[in-house]
>>> print(open('protein-v2.txt').read())   # compact mmCIF, C-alpha atoms
# COMPACT_ATOMS: atom_id res chain seq x y z
CA MET A 9 -24.88 7.11 59.43
CA ALA A 10 -21.51 6.35 57.89
CA SER A 11 -21.34 5.92 54.13
CA VAL A 12 -20.23 2.61 52.70
CA VAL A 13 -17.01 2.69 50.70
CA ASN A 14 -16.43 0.02 48.04
CA LEU A 15 -12.84 -1.08 48.58
CA GLN A 16 -12.98 -3.66 45.79
CA PRO A 17 -14.26 -1.98 42.65
CA ASN A 18 -15.18 -4.11 39.66
CA PRO A 19 -12.09 -4.94 37.60
CA ALA A 20 -11.73 -3.23 34.23
CA PRO A 21 -13.07 -5.36 31.37
CA ILE A 22 -10.70 -7.36 29.23
CA VAL A 23 -10.68 -5.71 25.80
CA ALA A 24 -8.06 -7.89 24.11
CA CYS A 25 -6.32 -11.24 24.37
CA THR A 26 -3.15 -12.71 23.01
CA ILE A 27 -3.50 -16.24 21.69
CA SER A 28 -0.38 -18.32 21.15
CA ARG A 29 1.29 -21.64 21.80
CA ASP A 30 3.48 -19.94 24.41
CA VAL A 31 3.30 -16.17 24.84
CA GLN A 32 6.78 -16.19 26.42
CA ASN A 33 8.11 -16.79 22.91
CA PHE A 34 6.76 -13.31 22.07
CA ASP A 35 8.11 -11.24 24.94
CA LEU A 36 8.07 -8.03 22.89
CA LEU A 37 4.36 -8.58 22.32
CA ILE A 38 3.81 -8.76 26.08
CA ASP A 39 5.58 -5.43 26.54
CA ASP A 40 3.60 -3.74 23.76
CA MET A 41 0.25 -5.09 24.97
CA GLU A 42 0.96 -3.79 28.47
CA HIS A 43 1.99 -0.43 27.04
CA GLU A 44 -1.16 -0.14 24.90
CA LEU A 45 -3.77 -1.68 27.21
CA GLY A 46 -2.38 -1.68 30.73
CA GLU A 47 -4.09 -4.51 32.63
CA ASN A 48 -7.08 -4.71 30.27
CA TRP A 49 -5.82 -7.72 28.36
CA GLY A 50 -5.32 -11.40 28.91
CA ASP A 51 -3.47 -14.37 27.46
CA LEU A 52 -4.85 -17.65 26.12
CA SER A 53 -3.32 -20.78 24.69
CA PHE A 54 -4.51 -22.26 21.41
CA ALA A 55 -6.36 -24.96 23.39
CA ASP A 56 -8.07 -22.57 25.84
CA ALA A 57 -9.02 -19.87 23.34
CA PRO A 58 -12.06 -21.62 21.77
CA LEU A 59 -13.52 -22.29 25.22
CA PHE A 60 -13.17 -18.65 26.29
CA LEU A 61 -14.47 -17.20 23.03
CA ASP A 62 -17.66 -19.24 23.47
CA GLN A 63 -18.23 -17.76 26.94
CA PRO A 64 -20.30 -14.59 27.61
CA GLU A 65 -17.18 -12.93 29.08
CA SER A 66 -15.70 -12.69 25.58
CA ALA A 67 -18.34 -10.10 24.63
CA THR A 68 -16.07 -7.29 25.89
CA LEU A 69 -13.23 -8.21 23.53
CA GLU A 70 -12.32 -5.68 20.84
CA PHE A 71 -9.67 -7.87 19.25
CA VAL A 72 -7.42 -10.87 19.68
CA ALA A 73 -3.74 -10.93 18.77
CA ILE A 74 -2.93 -14.39 17.40
CA ALA A 75 0.83 -14.91 17.58
CA VAL A 76 2.20 -17.65 15.31
CA ASP A 77 5.61 -18.83 14.18
CA GLY A 78 6.84 -21.33 11.64
CA GLN A 79 6.24 -24.25 13.98
CA ASP A 80 2.60 -23.27 14.54
CA THR A 81 1.80 -23.22 10.82
CA GLN A 82 2.40 -26.97 10.65
CA ASP A 83 -1.12 -27.26 12.09
CA MET A 84 -2.97 -24.59 10.15
CA ALA A 85 -6.40 -26.02 10.93
CA GLN A 86 -6.20 -25.00 14.60
CA ILE A 87 -5.28 -21.41 13.72
CA THR A 88 -7.82 -21.07 10.93
CA ASP A 89 -10.58 -22.35 13.23
CA LEU A 90 -9.64 -19.69 15.80
CA ILE A 91 -9.81 -16.91 13.22
CA LYS A 92 -13.19 -18.11 11.98
CA LEU A 93 -14.50 -18.35 15.54
CA ALA A 94 -13.32 -14.84 16.43
CA LYS A 95 -14.85 -13.39 13.28
CA SER A 96 -18.14 -15.16 13.99
CA LYS A 97 -18.18 -13.33 17.35
CA ASN A 98 -17.42 -9.99 15.61
CA ILE A 99 -14.02 -9.86 17.31
CA LYS A 100 -11.26 -8.34 15.22
CA VAL A 101 -8.06 -10.29 14.60
CA VAL A 102 -4.47 -9.09 14.28
CA LEU A 103 -1.83 -11.66 13.34
CA ILE A 104 1.62 -11.49 14.91
CA ALA A 105 3.78 -13.46 12.50
CA HIS A 106 7.31 -14.71 13.17
CA GLU A 107 9.10 -16.62 10.40
CA VAL A 108 5.81 -17.51 8.71
CA SER A 109 5.92 -18.22 4.98
CA PRO A 110 4.16 -15.68 2.75
CA VAL A 111 1.80 -18.37 1.45
CA ALA A 112 0.72 -19.40 4.96
CA LEU A 113 0.29 -15.77 5.99
CA HIS A 114 -1.80 -15.08 2.92
CA GLN A 115 -4.07 -18.02 3.74
CA LEU A 116 -4.61 -16.69 7.26
CA LEU A 117 -5.31 -13.16 6.03
CA ARG A 118 -7.86 -14.45 3.54
CA LEU A 119 -9.84 -15.97 6.39
CA GLY A 120 -10.62 -12.47 7.60
CA ALA A 121 -7.76 -11.30 9.81
CA ASN A 122 -7.98 -7.51 10.00
CA ASP A 123 -4.27 -6.79 10.15
CA PHE A 124 -0.88 -8.34 10.69
CA VAL A 125 2.36 -7.25 12.32
CA PRO A 126 5.73 -8.94 11.77
CA TYR A 127 7.70 -10.16 14.76
CA PRO A 128 10.02 -8.88 16.24
CA LEU A 129 7.59 -5.99 16.50
CA PRO A 130 8.79 -2.74 14.89
CA ASP A 131 8.46 0.34 17.09
CA GLY A 132 4.87 1.52 17.15
CA ALA A 133 3.64 -1.25 14.81
CA LEU A 134 1.16 -2.73 17.28
CA HIS A 135 -0.12 0.73 18.21
CA GLU A 136 -0.73 1.52 14.53
CA ALA A 137 -2.46 -1.83 13.93
CA ILE A 138 -4.79 -1.25 16.89
CA ALA A 139 -5.53 2.28 15.67
CA ARG A 140 -6.38 1.00 12.20
CA MET A 141 -8.72 -1.66 13.59
CA ARG A 142 -10.43 0.82 15.88
CA ALA A 143 -10.86 3.24 13.00
CA VAL A 144 -13.04 0.66 11.23
CA PRO A 145 -16.33 0.23 13.14
CA ALA A 146 -17.08 -3.32 14.21
CA PRO A 147 -20.15 -4.97 12.67
CA ALA A 148 -23.31 -5.05 14.74
CA LYS A 149 -23.47 -7.75 17.38
CA GLU A 150 -26.99 -8.73 16.33
CA THR A 151 -28.15 -9.59 12.84
CA VAL A 152 -31.66 -9.62 11.43
CA ALA A 153 -32.79 -13.05 10.28
CA ALA A 154 -35.56 -11.76 8.02
CA GLY A 155 -33.24 -11.39 5.08
CA PRO A 156 -30.05 -9.67 3.94
CA ALA A 157 -29.82 -5.99 4.66
CA ALA A 158 -29.42 -3.58 1.81
CA ALA A 159 -25.81 -2.72 1.11
CA PRO A 160 -24.87 0.77 2.27
CA PRO A 161 -24.22 3.21 -0.53
CA HIS A 162 -20.59 3.85 -1.43
CA PRO A 163 -19.72 7.45 -0.62
CA THR A 164 -18.38 8.29 -4.04
CA LYS A 165 -17.83 5.38 -6.39
CA THR A 166 -21.28 3.94 -7.05
CA ASP A 167 -22.74 7.29 -8.08
CA GLN A 168 -20.51 7.39 -11.14
CA THR A 169 -22.90 5.91 -13.68
CA ASP A 170 -21.06 7.60 -16.52
CA GLN A 171 -17.84 5.62 -15.97
CA PRO A 172 -17.09 3.01 -18.66
CA PRO A 173 -17.00 -0.62 -17.55
CA VAL A 174 -13.72 -2.02 -16.30
CA ARG A 175 -12.06 -4.16 -18.96
CA ALA A 176 -8.99 -6.29 -19.34
CA PRO A 177 -6.43 -5.12 -21.94
CA SER A 178 -7.49 -5.93 -25.50
CA PHE A 179 -4.05 -6.10 -27.13
CA LYS A 180 -2.00 -9.27 -27.46
CA ALA A 181 1.35 -9.52 -25.74
CA LYS A 182 3.93 -9.63 -28.52
CA GLY A 183 7.07 -8.57 -26.67
CA ASP A 184 7.86 -6.01 -29.36
CA ARG A 185 8.47 -2.94 -27.17
CA GLU A 186 11.10 -1.60 -24.81
CA ALA A 187 9.53 0.53 -22.12
CA VAL A 188 10.94 3.37 -20.08
CA VAL A 189 10.75 2.33 -16.40
CA LEU A 190 9.68 5.10 -14.00
CA PRO A 191 9.36 4.09 -10.33
CA VAL A 192 7.79 6.52 -7.83
CA HIS A 193 8.84 6.32 -4.17
CA GLY A 194 7.41 8.37 -1.32
CA MET A 195 10.05 9.49 1.15
CA SER A 196 7.46 9.42 3.93
CA GLY A 197 3.79 8.64 4.33
CA GLY A 198 1.27 11.05 2.86
CA VAL A 199 3.59 12.90 0.48
CA GLY A 200 1.39 12.07 -2.52
CA ALA A 201 3.47 9.40 -4.27
CA SER A 202 0.50 7.30 -5.39
CA THR A 203 -1.35 10.38 -6.61
CA PHE A 204 1.72 11.44 -8.57
CA ALA A 205 2.17 7.94 -10.05
CA CYS A 206 -1.50 7.71 -11.11
CA ASN A 207 -1.57 11.11 -12.75
CA LEU A 208 1.83 10.76 -14.42
CA ALA A 209 0.79 7.41 -15.93
CA TRP A 210 -2.53 8.85 -17.13
CA GLU A 211 -0.92 11.95 -18.65
CA LEU A 212 1.53 9.72 -20.54
CA ALA A 213 -1.29 7.47 -21.75
CA THR A 214 -3.25 10.46 -23.09
CA ILE A 215 -0.35 12.64 -24.26
CA SER A 216 -1.30 12.26 -27.92
CA LYS A 217 -4.65 11.68 -29.62
CA THR A 218 -3.06 10.01 -32.63
CA ASP A 219 0.13 8.37 -31.36
CA ALA A 220 -0.31 7.80 -27.62
CA PRO A 221 2.19 5.42 -26.00
CA ARG A 222 1.06 2.21 -24.35
CA VAL A 223 1.41 2.80 -20.61
CA CYS A 224 1.42 0.35 -17.71
CA LEU A 225 0.95 1.33 -14.04
CA ILE A 226 2.13 -1.26 -11.49
CA ASP A 227 1.29 -1.05 -7.78
CA LEU A 228 4.00 -2.82 -5.78
CA ASP A 229 2.72 -1.69 -2.39
CA PHE A 230 1.17 -5.04 -1.44
CA GLN A 231 -0.08 -3.74 1.91
CA PHE A 232 -1.52 -0.26 1.49
CA GLY A 233 -1.44 0.25 -2.27
CA ALA A 234 -3.88 2.99 -3.30
CA ILE A 235 -3.76 2.78 -7.10
CA SER A 236 -6.95 0.73 -7.38
CA THR A 237 -8.73 3.20 -5.08
CA ASN A 238 -7.47 6.26 -6.94
CA LEU A 239 -8.69 4.81 -10.25
CA ASP A 240 -11.78 3.02 -8.90
CA LEU A 241 -10.60 -0.39 -10.08
CA PRO A 242 -11.30 -3.72 -8.35
CA ARG A 243 -8.47 -5.81 -6.93
CA ARG A 244 -8.22 -9.27 -8.42
CA ASP A 245 -7.05 -12.61 -7.03
CA VAL A 246 -5.17 -13.28 -10.26
CA VAL A 247 -2.65 -10.63 -9.19
CA PHE A 248 -1.72 -12.73 -6.16
CA GLU A 249 -1.40 -15.79 -8.40
CA ILE A 250 1.09 -13.95 -10.61
CA LEU A 251 3.11 -12.70 -7.62
CA GLN A 252 3.12 -16.12 -5.98
CA ASP A 253 4.65 -17.83 -9.01
CA THR A 254 6.30 -15.36 -11.36
CA ALA A 255 8.47 -18.13 -12.80
CA SER A 256 5.39 -19.74 -14.36
CA ALA A 257 3.89 -16.47 -15.59
CA ASP A 258 4.31 -15.33 -19.16
CA SER A 259 3.59 -12.04 -20.88
CA GLU A 260 0.11 -13.14 -21.92
CA SER A 261 -0.98 -14.09 -18.39
CA PHE A 262 0.65 -10.94 -17.01
CA VAL A 263 -1.26 -8.69 -19.41
CA LYS A 264 -4.54 -10.54 -18.76
CA SER A 265 -4.11 -9.96 -15.01
CA MET A 266 -4.32 -6.20 -15.63
CA LEU A 267 -7.31 -3.90 -15.91
CA THR A 268 -7.70 -0.85 -18.11
CA PHE A 269 -8.81 2.58 -16.99
CA ASN A 270 -10.93 4.31 -19.65
CA ASP A 271 -9.45 1.91 -22.23
CA LYS A 272 -6.16 3.81 -22.21
CA LEU A 273 -4.17 3.06 -19.05
CA HIS A 274 -3.27 -0.53 -18.16
CA VAL A 275 -3.07 -1.20 -14.42
CA PHE A 276 -1.55 -4.06 -12.41
CA THR A 277 -3.19 -3.40 -9.06
CA ALA A 278 -2.09 -4.49 -5.61
CA PRO A 279 -3.57 -7.88 -4.56
CA PRO A 280 -6.92 -7.99 -2.72
CA ASP A 281 -5.41 -8.98 0.63
CA MET A 282 -2.67 -7.37 2.66
CA LEU A 283 0.55 -9.29 1.98
CA PRO A 284 4.08 -9.14 3.36
CA LEU A 285 6.41 -7.19 1.11
CA ASP A 286 8.83 -10.13 1.01
CA ILE A 287 6.29 -12.33 -0.78
CA VAL A 288 8.44 -11.54 -3.82
CA GLN A 289 12.20 -11.44 -4.23
CA GLY A 290 14.46 -9.54 -6.58
CA GLU A 291 14.21 -12.17 -9.31
CA ASP A 292 10.41 -12.02 -9.18
CA ILE A 293 10.46 -8.25 -9.64
CA ASP A 294 12.92 -8.66 -12.49
CA ARG A 295 10.49 -11.00 -14.26
CA LEU A 296 7.57 -8.58 -13.76
CA ILE A 297 9.57 -5.67 -15.15
CA ASP A 298 10.81 -7.82 -18.05
CA MET A 299 7.23 -8.66 -19.06
CA ALA A 300 6.04 -5.08 -18.62
CA GLN A 301 8.98 -3.57 -20.44
CA ALA A 302 8.55 -5.90 -23.42
CA ASN A 303 4.90 -4.96 -23.97
CA PHE A 304 4.63 -1.26 -23.06
CA ASP A 305 6.25 2.06 -23.91
CA PHE A 306 6.20 3.42 -20.36
CA VAL A 307 6.05 1.50 -17.06
CA VAL A 308 5.21 3.59 -13.99
CA ILE A 309 5.75 1.73 -10.70
CA ASP A 310 4.22 2.85 -7.41
CA MET A 311 6.68 1.70 -4.74
CA PRO A 312 6.05 1.09 -1.03
CA SER A 313 7.60 3.74 1.19
CA THR A 314 9.48 0.95 3.00
CA ILE A 315 12.90 -0.04 1.67
CA VAL A 316 12.82 -3.79 0.99
CA SER A 317 15.20 -6.35 -0.47
CA TRP A 318 13.94 -5.78 -4.01
CA THR A 319 14.07 -1.97 -3.94
CA GLU A 320 17.62 -2.29 -5.29
CA THR A 321 16.29 -4.37 -8.19
CA VAL A 322 13.77 -1.69 -9.17
CA LEU A 323 16.37 1.07 -8.86
CA ASN A 324 18.79 -0.79 -11.11
CA ARG A 325 16.08 -1.33 -13.73
CA ALA A 326 14.78 2.25 -13.58
CA HIS A 327 15.55 4.89 -16.16
CA VAL A 328 14.48 7.61 -13.72
CA TYR A 329 13.60 6.98 -10.05
CA PHE A 330 11.27 9.67 -8.68
CA ALA A 331 11.53 10.40 -4.94
CA LEU A 332 8.52 12.33 -3.63
CA MET A 333 9.10 14.59 -0.62
CA GLU A 334 7.65 17.58 1.19
CA LEU A 335 9.15 20.65 2.78
CA ASP A 336 9.36 19.14 6.27
CA LEU A 337 11.87 17.55 8.60
CA ARG A 338 10.69 13.94 8.21
CA SER A 339 11.15 14.05 4.43
CA ALA A 340 14.57 15.64 4.82
CA GLN A 341 15.73 13.03 7.34
CA ASN A 342 14.48 10.14 5.22
CA VAL A 343 16.11 11.50 2.08
CA LEU A 344 19.37 11.82 4.00
CA ARG A 345 19.13 8.20 5.16
CA LEU A 346 18.32 6.98 1.66
CA VAL A 347 21.20 8.87 0.06
CA ARG A 348 23.61 7.45 2.65
CA ALA A 349 22.34 3.92 2.02
CA LEU A 350 22.66 4.25 -1.76
CA LYS A 351 26.20 5.59 -1.47
CA ALA A 352 27.21 2.86 0.99
CA GLU A 353 26.00 0.15 -1.41
CA ALA A 354 27.40 1.89 -4.49
CA LEU A 355 23.93 1.98 -6.08
CA PRO A 356 23.09 4.29 -9.01
CA LEU A 357 22.34 7.49 -7.11
CA GLU A 358 22.36 9.45 -10.38
CA LYS A 359 18.98 7.92 -11.32
CA MET A 360 17.24 9.72 -8.46
CA ARG A 361 15.02 12.67 -9.32
CA TYR A 362 13.64 14.54 -6.32
CA VAL A 363 10.09 15.85 -6.53
CA LEU A 364 8.85 18.39 -3.98
CA ASN A 365 5.10 18.08 -3.54
CA ARG A 366 3.00 20.93 -2.12
CA ALA A 367 5.79 23.31 -3.05
CA PRO A 368 5.51 26.96 -1.97
CA LYS A 369 3.91 29.49 -4.27
CA PHE A 370 6.06 31.72 -6.44
CA THR A 371 5.39 34.72 -4.22
CA ASP A 372 6.31 32.92 -0.97
CA LEU A 373 9.95 33.97 -0.92
CA SER A 374 10.55 32.77 2.65
CA ALA A 375 9.40 29.23 1.87
CA LYS A 376 11.33 29.19 -1.40
CA SER A 377 14.52 30.02 0.48
CA ARG A 378 13.77 27.10 2.83
CA VAL A 379 13.55 24.82 -0.21
CA LYS A 380 16.94 26.04 -1.38
CA ARG A 381 18.52 25.53 2.05
CA MET A 382 17.06 22.03 2.37
CA ALA A 383 18.42 21.00 -1.02
CA GLU A 384 21.86 22.39 -0.16
CA SER A 385 21.95 20.68 3.25
CA LEU A 386 20.99 17.33 1.69
CA ASP A 387 23.36 17.85 -1.26
CA ILE A 388 20.60 17.11 -3.76
CA THR A 389 18.87 18.95 -6.59
CA ILE A 390 15.11 19.31 -6.39
CA GLU A 391 14.31 19.32 -10.10
CA ILE A 392 10.52 19.18 -9.92
CA GLN A 393 8.26 21.26 -7.69
CA LEU A 394 4.55 20.45 -7.68
CA PRO A 395 2.18 23.16 -6.43
CA ASP A 396 -0.37 22.30 -3.77
CA GLY A 397 -3.41 20.94 -5.60
CA GLY A 398 -5.67 21.58 -2.63
CA PRO A 399 -8.95 19.78 -1.94
CA GLN A 400 -9.41 18.96 -5.63
CA VAL A 401 -6.69 16.31 -5.37
CA THR A 402 -8.43 14.49 -2.53
CA GLN A 403 -11.78 14.79 -4.31
CA ALA A 404 -10.31 13.32 -7.51
CA ASN A 405 -8.83 10.37 -5.63
CA ASP A 406 -12.09 9.76 -3.76
CA HIS A 407 -13.99 9.75 -7.05
CA GLY A 408 -11.46 7.40 -8.67
CA LEU A 409 -10.44 9.86 -11.38
CA PRO A 410 -7.17 11.44 -12.54
CA LEU A 411 -6.96 15.20 -12.13
CA SER A 412 -7.28 15.79 -15.86
CA GLU A 413 -10.73 14.18 -15.76
CA SER A 414 -12.03 16.04 -12.71
CA ALA A 415 -9.98 19.25 -12.37
CA ALA A 416 -8.08 19.82 -15.60
CA LYS A 417 -6.98 23.34 -14.64
CA ASN A 418 -5.56 22.30 -11.28
CA PRO A 419 -1.99 23.68 -10.96
CA MET A 420 -0.61 20.32 -9.81
CA ARG A 421 -2.12 18.62 -12.84
CA LYS A 422 -0.53 21.17 -15.19
CA GLU A 423 2.95 20.51 -13.77
CA ILE A 424 2.53 16.73 -14.08
CA GLN A 425 1.31 17.22 -17.64
CA LYS A 426 4.46 19.22 -18.44
CA LEU A 427 6.62 16.47 -16.95
CA ALA A 428 4.81 13.78 -18.97
CA LYS A 429 5.29 15.81 -22.16
CA SER A 430 9.02 16.16 -21.52
CA LEU A 431 9.39 12.42 -20.84
CA TYR A 432 7.42 11.60 -23.99
CA ASP A 433 9.45 13.96 -26.15
CA LEU A 434 12.75 12.70 -24.72
CA ASN A 435 11.76 9.11 -25.42
CA LYS A 436 10.74 10.00 -28.96
CA SER A 437 14.05 11.72 -29.66
CA THR A 438 15.96 8.76 -28.19
CA GLU A 439 14.07 6.33 -30.41
CA ALA A 440 14.72 8.52 -33.44
CA ALA A 441 18.43 8.61 -32.66
CA LYS A 442 18.51 4.81 -32.42
CA GLY A 443 16.70 4.49 -35.73
>>> encode(input="protein-v2.txt", output="structure tokens")
Amino acid sequence: MASVVNLQPNPAPIVACTISRDVQNFDLLIDDMEHELGENWGDLSFADAPLFLDQPESATLEFVAIAVDGQDTQDMAQITDLIKLAKSKNIKVVLIAHEVSPVALHQLLRLGANDFVPYPLPDGALHEAIARMRAVPAPAKETVAAGPAAAPPHPTKTDQTDQPPVRAPSFKAKGDREAVVLPVHGMSGGVGASTFACNLAWELATISKTDAPRVCLIDLDFQFGAISTNLDLPRRDVVFEILQDTASADSESFVKSMLTFNDKLHVFTAPPDMLPLDIVQGEDIDRLIDMAQANFDFVVIDMPSTIVSWTETVLNRAHVYFALMELDLRSAQNVLRLVRALKAEALPLEKMRYVLNRAPKFTDLSAKSRVKRMAESLDITIEIQLPDGGPQVTQANDHGLPLSESAAKNPMRKEIQKLAKSLYDLNKSTEAAKG
């Protein structure tokens, strides 16, 4: 008896949908969706999307990509209803935003969108957004009506019963200081810029038991800023309010928007929601630095790895601009690009100080020669080399503590402590010379 062959297999399930007024206005999105998902995606208009999401067929959806432009934001209610509906179905949402104002984008993100990607789509941006969403497990499709479930324990933070409560700064903003501005910029992802910024700020804040400087740590990475995580501090909505209207902010409101870590380090965290980096302009950053500089002795700024319009503003205001790098090709290429850009725009290249993280050990002569060759080929001087701190660095960040509080003898911590001491002493001698 002949076997039966199924010539029409069941089609693959639709795992994603684009939702837009007209997807042809986002042709790059079509190409990227096809590249990422093949034929396992569909397209819906704003009018058709609510009908489909209410159907059983929508149960296979992992996410929807809602593509909006400036014209679409004139009717925000339609878009916000779609986001709420998708979230109610436990479907993740990525926003594709083209010429959307930062305020409108912030409103949409606050409704629960999981990620956003600017349009035209940068290379690999949609792939990275999908990977990030898939890395976070979706909530269960069914909920228990008998009452709220117990919150899952935090892996590291909630066990720290010995941590002091988070407080706002207690001093009054008098504008009687003139801080040293120290931005920290990672030349590529994962080089340890935020870790360096956190620990440098903490070492400065605790450099003296009797005459410690007042130190401010500002996180300007509005998308993936890690300062609040590394110091176990909450993110506050008041930060967004300051960024949204810096012209109306004064030193008092700026200081009150901060939190203190162990009553010694004052922190202006990144906002709670992921925001576009162009939510602020150069004049906004100038105002923030003005307020910080007038009320602190040292201002450490954790910069986004992306070069934005206001990077120039920070560089011009900096006393020293730390560039974190590693002994690899991607760091070398990015440093080369940055140096070329600074020279082309006649920007103060002399403010750059290159920091090599995870530097080779003293006995590793082969790696040390590679460091020398890299510096010569880039025509730079690597003035600071930080030893590899190993797993203790990750553990400290996960526990929301500086290295001095969790691994005081760590070799990386000792080098940062030496750097902080030299900066403190140099500032003291400069102040003495002025006096």
>>> residues_around(input="protein-v2.txt", residues="range 228-240 of chain A", least_positions_apart="3", cutoff="8 Å", atoms="all atoms listed in the file", output="list in words")
Lys165, Ser202, Thr203, Cys206, Arg243, Phe269, Thr277, Ala278, Pro279, Asp281, Met282, Leu283, Pro284, Leu285, Ile309, Asp310, Met311, Pro312, Ala404, Asn405, Asp406, His407, Gly408, Leu409 and Pro410 of chain A
>>> atom_distance(input="protein-v2.txt", atom1="CA of Ala205 in chain A", atom2="CA of Ala383 in chain A")
22.7 Å
>>> atom_distance(input="protein-v2.txt", atom1="CA of Arg118 in chain A", atom2="CA of His135 in chain A")
22.5 Å
>>> residues_around(input="protein-v2.txt", residues="Ala255 in chain A", least_positions_apart="6", cutoff="10 Å", atoms="only C-alpha atoms", output="MDAnalysis selection string")
chainID A and resid 291:292 295:296
>>> residues_around(input="protein-v2.txt", residues="Leu344 in chain A", least_positions_apart="4", cutoff="9 Å", atoms="only C-alpha atoms", output="compact mmCIF listing (two decimals) with C-alpha atoms, keeping the file's coordinate frame")
# COMPACT_ATOMS: atom_id res chain seq x y z
CA SER A 339 11.15 14.05 4.43
CA ALA A 340 14.57 15.64 4.82
CA ARG A 348 23.61 7.45 2.65
CA ALA A 349 22.34 3.92 2.02
CA LEU A 386 20.99 17.33 1.69
CA ASP A 387 23.36 17.85 -1.26
>>> closest_residue(input="protein-v2.txt", among="A:Ala209, A:Leu323, A:Val111, A:Val125", to="Leu411 in chain A", atoms="all atoms listed in the file")
A:Ala209
>>> atom_distance(input="protein-v2.txt", atom1="CA of Arg421 in chain A", atom2="CA of Leu394 in chain A")
8.6 Å
>>> closest_residue(input="protein-v2.txt", among="A:Asp123, A:Asp433, A:Glu320, A:Glu358", to="Pro221 in chain A", atoms="all atoms listed in the file")
A:Asp433
>>> residues_around(input="protein-v2.txt", residues="range 56-60 of chain A", least_positions_apart="5", cutoff="7 Å", atoms="all atoms listed in the file", output="PDB file with C-alpha atoms, in the frame of the given file")
ATOM      1  CA  ILE A  27      -3.500 -16.240  21.690  1.00  0.00           C
ATOM      2  CA  SER A  66     -15.700 -12.690  25.580  1.00  0.00           C
ATOM      3  CA  LEU A  90      -9.640 -19.690  15.800  1.00  0.00           C
TER       4      LEU A  90
END
>>> residues_around(input="protein-v2.txt", residues="range 368-374 of chain A", least_positions_apart="4", cutoff="8 Å", atoms="all atoms listed in the file", output="CSV table (one decimal) with C-alpha atoms, in the frame of the given file")
chain,number,residue,atom,x,y,z
A,378,ARG,CA,13.8,27.1,2.8
A,395,PRO,CA,2.2,23.2,-6.4
A,396,ASP,CA,-0.4,22.3,-3.8
>>> closest_residue(input="protein-v2.txt", among="A:Phe34, A:Phe248, A:Tyr127, A:Trp210", to="Val275 in chain A", atoms="all atoms listed in the file")
A:Trp210
>>> closest_residue(input="protein-v2.txt", among="A:Ser53, A:Thr268, A:Thr254, A:Thr218", to="Leu241 in chain A", atoms="all atoms listed in the file")
A:Thr268
>>> closest_residue(input="protein-v2.txt", among="A:Gln400, A:Gly200, A:Val192, A:Ile424", to="His327 in chain A", atoms="all atoms listed in the file")
A:Val192
>>> closest_residue(input="protein-v2.txt", among="A:Thr321, A:Ser28, A:Ser437, A:Thr68", to="Phe54 in chain A", atoms="all atoms listed in the file")
A:Ser28
>>> decode(input="protein-v2.txt", residues="range 295-331 of chain A", atoms="C-alpha atoms", output="mmCIF file, in the first residue's frame")
data_model
loop_
_atom_site.group_PDB
_atom_site.id
_atom_site.type_symbol
_atom_site.label_atom_id
_atom_site.label_comp_id
_atom_site.auth_asym_id
_atom_site.auth_seq_id
_atom_site.Cartn_x
_atom_site.Cartn_y
_atom_site.Cartn_z
ATOM 1 C CA ARG A 295 23.417 73.703 32.057
ATOM 2 C CA LEU A 296 23.779 70.333 33.815
ATOM 3 C CA ILE A 297 27.551 70.687 34.005
ATOM 4 C CA ASP A 298 27.227 74.304 35.174
ATOM 5 C CA MET A 299 25.010 73.239 38.089
ATOM 6 C CA ALA A 300 27.206 70.267 38.958
ATOM 7 C CA GLN A 301 30.434 72.207 38.704
ATOM 8 C CA ALA A 302 29.133 74.986 40.966
ATOM 9 C CA ASN A 303 28.207 72.616 43.794
ATOM 10 C CA PHE A 304 30.842 69.861 43.745
ATOM 11 C CA ASP A 305 34.613 69.446 43.808
ATOM 12 C CA PHE A 306 34.714 66.595 41.286
ATOM 13 C CA VAL A 307 32.165 65.678 38.601
ATOM 14 C CA VAL A 308 32.597 62.236 37.039
ATOM 15 C CA ILE A 309 30.447 61.693 33.932
ATOM 16 C CA ASP A 310 29.676 58.254 32.514
ATOM 17 C CA MET A 311 29.241 58.821 28.772
ATOM 18 C CA PRO A 312 27.399 56.645 26.242
ATOM 19 C CA SER A 313 29.741 54.788 23.907
ATOM 20 C CA THR A 314 27.907 56.420 20.974
ATOM 21 C CA ILE A 315 29.197 59.767 19.722
ATOM 22 C CA VAL A 316 26.282 62.220 19.814
ATOM 23 C CA SER A 317 25.792 65.912 19.108
ATOM 24 C CA TRP A 318 26.596 66.897 22.694
ATOM 25 C CA THR A 319 29.758 64.789 23.044
ATOM 26 C CA GLU A 320 31.661 67.851 21.817
ATOM 27 C CA THR A 321 30.091 69.910 24.612
ATOM 28 C CA VAL A 322 31.286 67.477 27.281
ATOM 29 C CA LEU A 323 34.767 67.286 25.767
ATOM 30 C CA ASN A 324 35.092 71.071 25.741
ATOM 31 C CA ARG A 325 34.002 71.277 29.382
ATOM 32 C CA ALA A 326 36.224 68.417 30.548
ATOM 33 C CA HIS A 327 39.491 68.882 32.386
ATOM 34 C CA VAL A 328 40.499 65.306 31.533
ATOM 35 C CA TYR A 329 38.526 63.021 29.189
ATOM 36 C CA PHE A 330 39.168 59.338 29.940
ATOM 37 C CA ALA A 331 38.867 56.922 27.000
#
